[in-house]
Amino acid sequence: MNMQRFLKHLMTGSMAVKAAFPARSMNAIEQAIRESESKHGGQIRFAVEAALDLPALRRKQSAAERGVEVFSQLRVWDTEHNNGVLIYLLLADHDVEIIADRGIHAKLGSAVWQAICNDMEAAFRLGKFEAGVIHGINTVGNLLQQHFPQPEPELKNKSSLPVNKSAVNELTDKPVVL
C-alpha cells in the first residue's frame, strides 16, 4: 500500500468536500447540468467523493475503478439512448474520471474524455473547483449536443403546441457527494 496515498485519503474528509464545493457551488453545478441538458438528448451526472475507504485502499482501487462503480450505483447507464456521462472526482487524489455510456463513448473514445479530465484537474490545481467542474460539464454538453442533439419538437394533434419528447430528464441533475 502506498503510504502517502493512504495518509491523503485518511486526512481528506467530508469537510474537504464542503470547502471545495460549498452549497452555492453545488447549486451552480446543478444549474449548469440543467442548462446543458436543455441543449441535447444526453444525461450528465457529477459525483464527488472525499476519499476511499480502507478496504478500497488496500485493494489499491484507482479512481477509474471507483468511477465505474459509481457509474453503476447512480444508474448513469440506465438511459434510453445509452448516452449518460458521469463526471467523478476523487478529491483525495485530485483525480477526475469521466465514465461515458456506450452510446456516446463509441462516438468519441477515451482520449477525448481524458483531455476534459486534464483541463478540469488543471483548474483544481489552481483551487478553482466550481469553475473546473462547470467547464467540464459544458465541454461534455457540447459533445453531447453534437452527437445527441435535441430532436425537433413534435406538434400535438389537438392544440398544435410543440411537445419535446426528449425533454424528459432521465437522471437527476443534483450533484452527489459520496
# chains A, B, ... in the order shown; residues from 1 in each chain; ligands from 1
call {"tool": "select_by_dssp", "arguments": {"residues": "chain A", "states": "helix (DSSP H, G or I)", "output": "PyMOL selection string"}}
result
chain A and resi 3-11+14-20+23-37+54-58+63-73+91-93+102-108+110-125+129-147+165-167
call {"tool": "residues_around", "arguments": {"residues": "A:Asn118", "least_positions_apart": "3", "cutoff": "10 Å", "atoms": "only C-alpha atoms", "output": "list in words"}}
result
Asp95, Val96, Glu97, Trp113, Gln114, Ala115, Glu121, Ala122, Ala123, Phe124 and Gly136 of chain A
call {"tool": "closest_atom_pairs", "arguments": {"of": "stretch 124-153 of chain A", "to": "stretch 12-21 of chain A", "cutoff": "9 Å", "atoms": "only C-alpha atoms", "output": "CSV"}}
result
residue,atom,partner,partner_atom,distance
A:Gly127,CA,A:Ala20,CA,7.9
A:Lys128,CA,A:Ala20,CA,8.3
A:Phe129,CA,A:Ala20,CA,6.1
A:Glu130,CA,A:Phe21,CA,6.7
call {"tool": "closest_residue", "arguments": {"among": "A:Arg125, A:His40, A:Arg5, A:Lys174", "to": "A:Leu52", "atoms": "only C-alpha atoms"}}
result
A:Arg5
call {"tool": "residues_around", "arguments": {"residues": "A:Val48", "least_positions_apart": "4", "cutoff": "7 Å", "atoms": "only C-alpha atoms", "output": "list in words"}}
result
Tyr88, Leu89, Leu90, Leu91, Val176, Val177 and Leu178 of chain A
call {"tool": "residues_around", "arguments": {"residues": "A:Leu143", "least_positions_apart": "4", "cutoff": "9 Å", "atoms": "only C-alpha atoms", "output": "PyMOL selection string"}}
result
chain A and resi 104+108+138-139+147-148
call {"tool": "write_last_selection", "arguments": {"atoms": "N, CA, C and O atoms", "output": "PDB file, in the first residue's frame"}}
result
ATOM      1  N   ILE A 104     -22.395   7.135 -26.327  1.00  0.00           N
ATOM      2  CA  ILE A 104     -21.577   8.322 -26.590  1.00  0.00           C
ATOM      3  C   ILE A 104     -20.093   7.966 -26.615  1.00  0.00           C
ATOM      4  O   ILE A 104     -19.338   8.518 -27.406  1.00  0.00           O
ATOM      5  N   LEU A 108     -16.737   8.907 -29.408  1.00  0.00           N
ATOM      6  CA  LEU A 108     -15.662   9.823 -29.035  1.00  0.00           C
ATOM      7  C   LEU A 108     -14.372   9.128 -28.606  1.00  0.00           C
ATOM      8  O   LEU A 108     -13.292   9.554 -28.976  1.00  0.00           O
ATOM      9  N   ASN A 138     -19.793  21.806 -19.362  1.00  0.00           N
ATOM     10  CA  ASN A 138     -20.054  22.490 -20.627  1.00  0.00           C
ATOM     11  C   ASN A 138     -19.377  21.798 -21.804  1.00  0.00           C
ATOM     12  O   ASN A 138     -19.960  21.685 -22.889  1.00  0.00           O
ATOM     13  N   THR A 139     -18.168  21.309 -21.601  1.00  0.00           N
ATOM     14  CA  THR A 139     -17.454  20.615 -22.674  1.00  0.00           C
ATOM     15  C   THR A 139     -18.147  19.304 -23.016  1.00  0.00           C
ATOM     16  O   THR A 139     -18.361  18.989 -24.192  1.00  0.00           O
ATOM     17  N   HIS A 147     -23.565  15.046 -30.912  1.00  0.00           N
ATOM     18  CA  HIS A 147     -23.879  13.650 -31.222  1.00  0.00           C
ATOM     19  C   HIS A 147     -25.297  13.226 -30.830  1.00  0.00           C
ATOM     20  O   HIS A 147     -25.809  12.234 -31.349  1.00  0.00           O
ATOM     21  N   PHE A 148     -25.910  13.951 -29.909  1.00  0.00           N
ATOM     22  CA  PHE A 148     -27.278  13.663 -29.470  1.00  0.00           C
ATOM     23  C   PHE A 148     -28.064  14.966 -29.357  1.00  0.00           C
ATOM     24  O   PHE A 148     -28.479  15.364 -28.274  1.00  0.00           O
TER      25      PHE A 148
END
call {"tool": "residues_around", "arguments": {"residues": "A:Ile87", "least_positions_apart": "2", "cutoff": "12 Å", "atoms": "only C-alpha atoms", "output": "ChimeraX atom specification"}}
result
/A:29,33,43-49,63-64,66-68,70-71,74,76,84-85,89-90,95-101,113-114,116-117,120-121,132-141,173,175-176
call {"tool": "residues_around", "arguments": {"residues": "A:Gly103", "least_positions_apart": "4", "cutoff": "9 Å", "atoms": "only C-alpha atoms", "output": "PDB file with all heavy atoms, in the first residue's frame"}}
result
ATOM      1  N   HIS A  81     -30.956   6.126 -24.648  1.00  0.00           N
ATOM      2  CA  HIS A  81     -30.040   6.111 -25.787  1.00  0.00           C
ATOM      3  C   HIS A  81     -28.596   5.797 -25.389  1.00  0.00           C
ATOM      4  O   HIS A  81     -27.685   6.035 -26.191  1.00  0.00           O
ATOM      5  CB  HIS A  81     -30.113   7.446 -26.531  1.00  0.00           C
ATOM      6  CG  HIS A  81     -31.476   7.735 -27.051  1.00  0.00           C
ATOM      7  ND1 HIS A  81     -32.037   7.055 -28.110  1.00  0.00           N
ATOM      8  CD2 HIS A  81     -32.421   8.612 -26.630  1.00  0.00           C
ATOM      9  CE1 HIS A  81     -33.258   7.504 -28.339  1.00  0.00           C
ATOM     10  NE2 HIS A  81     -33.523   8.446 -27.435  1.00  0.00           N
ATOM     11  N   ASN A  82     -28.408   5.265 -24.196  1.00  0.00           N
ATOM     12  CA  ASN A  82     -27.064   4.904 -23.712  1.00  0.00           C
ATOM     13  C   ASN A  82     -26.092   6.076 -23.849  1.00  0.00           C
ATOM     14  O   ASN A  82     -24.964   5.916 -24.303  1.00  0.00           O
ATOM     15  CB  ASN A  82     -26.529   3.676 -24.454  1.00  0.00           C
ATOM     16  CG  ASN A  82     -27.412   2.476 -24.249  1.00  0.00           C
ATOM     17  OD1 ASN A  82     -27.790   2.156 -23.128  1.00  0.00           O
ATOM     18  ND2 ASN A  82     -27.772   1.821 -25.334  1.00  0.00           N
ATOM     19  N   ASN A  83     -26.556   7.253 -23.440  1.00  0.00           N
ATOM     20  CA  ASN A  83     -25.737   8.452 -23.589  1.00  0.00           C
ATOM     21  C   ASN A  83     -25.559   9.206 -22.269  1.00  0.00           C
ATOM     22  O   ASN A  83     -25.435  10.420 -22.255  1.00  0.00           O
ATOM     23  CB  ASN A  83     -26.314   9.364 -24.664  1.00  0.00           C
ATOM     24  CG  ASN A  83     -27.747   9.775 -24.382  1.00  0.00           C
ATOM     25  OD1 ASN A  83     -28.316   9.443 -23.351  1.00  0.00           O
ATOM     26  ND2 ASN A  83     -28.325  10.508 -25.308  1.00  0.00           N
ATOM     27  N   GLY A  84     -25.530   8.466 -21.174  1.00  0.00           N
ATOM     28  CA  GLY A  84     -25.257   9.075 -19.881  1.00  0.00           C
ATOM     29  C   GLY A  84     -23.764   9.247 -19.680  1.00  0.00           C
ATOM     30  O   GLY A  84     -22.964   8.429 -20.136  1.00  0.00           O
ATOM     31  N   LYS A 107     -18.666   7.022 -29.957  1.00  0.00           N
ATOM     32  CA  LYS A 107     -18.515   8.118 -30.904  1.00  0.00           C
ATOM     33  C   LYS A 107     -17.265   8.964 -30.631  1.00  0.00           C
ATOM     34  O   LYS A 107     -16.800   9.676 -31.513  1.00  0.00           O
ATOM     35  CB  LYS A 107     -19.752   9.013 -30.881  1.00  0.00           C
ATOM     36  CG  LYS A 107     -21.019   8.299 -31.342  1.00  0.00           C
ATOM     37  CD  LYS A 107     -22.234   9.178 -31.152  1.00  0.00           C
ATOM     38  CE  LYS A 107     -23.523   8.474 -31.472  1.00  0.00           C
ATOM     39  NZ  LYS A 107     -23.725   8.129 -32.857  1.00  0.00           N
TER      40      LYS A 107
END
call {"tool": "select_by_dssp", "arguments": {"residues": "stretch 2-97 of chain A", "states": "strand (DSSP E)", "output": "list of chain:residue names"}}
result
A:Gln43, A:Ile44, A:Arg45, A:Phe46, A:Ala47, A:Val48, A:Glu49, A:Gly84, A:Val85, A:Leu86, A:Ile87, A:Tyr88, A:Leu89, A:Leu90, A:Asp95, A:Val96, A:Glu97
call {"tool": "atom_distance", "arguments": {"atom1": "atom CA of A:Glu35", "atom2": "atom CA of A:Arg102"}}
result
23.1 Å
call {"tool": "atom_distance", "arguments": {"atom1": "atom CA of A:Ala50", "atom2": "atom CA of A:His9"}}
result
7.7 Å
call {"tool": "closest_residue", "arguments": {"among": "A:Gln73, A:Ser38, A:Thr79, A:Ser62", "to": "A:Glu170", "atoms": "only C-alpha atoms"}}
result
A:Thr79
call {"tool": "decode", "arguments": {"residues": "stretch 51-76 of chain A", "atoms": "N, CA and C atoms", "output": "short mmCIF file (atom, residue, chain, number, x, y, z; two decimals), in the first residue's frame"}}
result
data_model
loop_
_atom_site.label_atom_id
_atom_site.label_comp_id
_atom_site.auth_asym_id
_atom_site.auth_seq_id
_atom_site.Cartn_x
_atom_site.Cartn_y
_atom_site.Cartn_z
N ALA A 51 -12.75 10.63 -0.16
CA ALA A 51 -11.65 9.67 -0.10
C ALA A 51 -12.22 8.26 -0.18
N LEU A 52 -11.34 7.33 -0.48
CA LEU A 52 -11.73 5.92 -0.50
C LEU A 52 -11.66 5.36 0.91
N ASP A 53 -12.44 4.32 1.16
CA ASP A 53 -12.37 3.67 2.46
C ASP A 53 -11.17 2.72 2.51
N LEU A 54 -10.88 2.22 3.69
CA LEU A 54 -9.69 1.39 3.90
C LEU A 54 -9.67 0.14 3.02
N PRO A 55 -10.76 -0.62 2.90
CA PRO A 55 -10.71 -1.80 2.02
C PRO A 55 -10.37 -1.44 0.57
N ALA A 56 -10.90 -0.34 0.07
CA ALA A 56 -10.60 0.07 -1.30
C ALA A 56 -9.13 0.47 -1.44
N LEU A 57 -8.59 1.12 -0.42
CA LEU A 57 -7.17 1.49 -0.45
C LEU A 57 -6.29 0.25 -0.39
N ARG A 58 -6.67 -0.71 0.41
CA ARG A 58 -5.90 -1.97 0.48
C ARG A 58 -5.90 -2.70 -0.86
N ARG A 59 -7.02 -2.62 -1.57
CA ARG A 59 -7.11 -3.26 -2.89
C ARG A 59 -6.40 -2.43 -3.96
N LYS A 60 -5.92 -1.25 -3.57
CA LYS A 60 -5.27 -0.31 -4.49
C LYS A 60 -6.24 0.12 -5.59
N GLN A 61 -7.49 0.33 -5.18
CA GLN A 61 -8.52 0.74 -6.13
C GLN A 61 -8.17 2.12 -6.70
N SER A 62 -8.26 2.23 -8.00
CA SER A 62 -7.98 3.51 -8.66
C SER A 62 -9.25 4.34 -8.73
N ALA A 63 -9.07 5.61 -9.03
CA ALA A 63 -10.24 6.49 -9.22
C ALA A 63 -11.06 6.00 -10.41
N ALA A 64 -10.40 5.48 -11.43
CA ALA A 64 -11.12 4.98 -12.61
C ALA A 64 -12.01 3.79 -12.23
N GLU A 65 -11.47 2.88 -11.43
CA GLU A 65 -12.26 1.72 -10.99
C GLU A 65 -13.43 2.17 -10.11
N ARG A 66 -13.17 3.10 -9.23
CA ARG A 66 -14.24 3.59 -8.36
C ARG A 66 -15.29 4.34 -9.18
N GLY A 67 -14.84 5.09 -10.17
CA GLY A 67 -15.76 5.80 -11.04
C GLY A 67 -16.73 4.86 -11.74
N VAL A 68 -16.23 3.72 -12.18
CA VAL A 68 -17.10 2.73 -12.84
C VAL A 68 -18.13 2.20 -11.84
N GLU A 69 -17.71 1.97 -10.60
CA GLU A 69 -18.66 1.54 -9.57
C GLU A 69 -19.75 2.59 -9.35
N VAL A 70 -19.34 3.84 -9.26
CA VAL A 70 -20.30 4.93 -9.02
C VAL A 70 -21.22 5.08 -10.23
N PHE A 71 -20.68 4.95 -11.43
CA PHE A 71 -21.48 4.99 -12.66
C PHE A 71 -22.62 3.97 -12.57
N SER A 72 -22.29 2.79 -12.08
CA SER A 72 -23.30 1.74 -11.93
C SER A 72 -24.27 2.07 -10.79
N GLN A 73 -23.74 2.46 -9.64
CA GLN A 73 -24.58 2.76 -8.48
C GLN A 73 -25.59 3.87 -8.76
N LEU A 74 -25.17 4.87 -9.51
CA LEU A 74 -26.04 6.00 -9.82
C LEU A 74 -26.90 5.73 -11.05
N ARG A 75 -26.73 4.56 -11.63
CA ARG A 75 -27.52 4.11 -12.79
C ARG A 75 -27.39 5.07 -13.99
N VAL A 76 -26.19 5.60 -14.17
CA VAL A 76 -25.95 6.50 -15.30
C VAL A 76 -26.10 5.74 -16.61
#
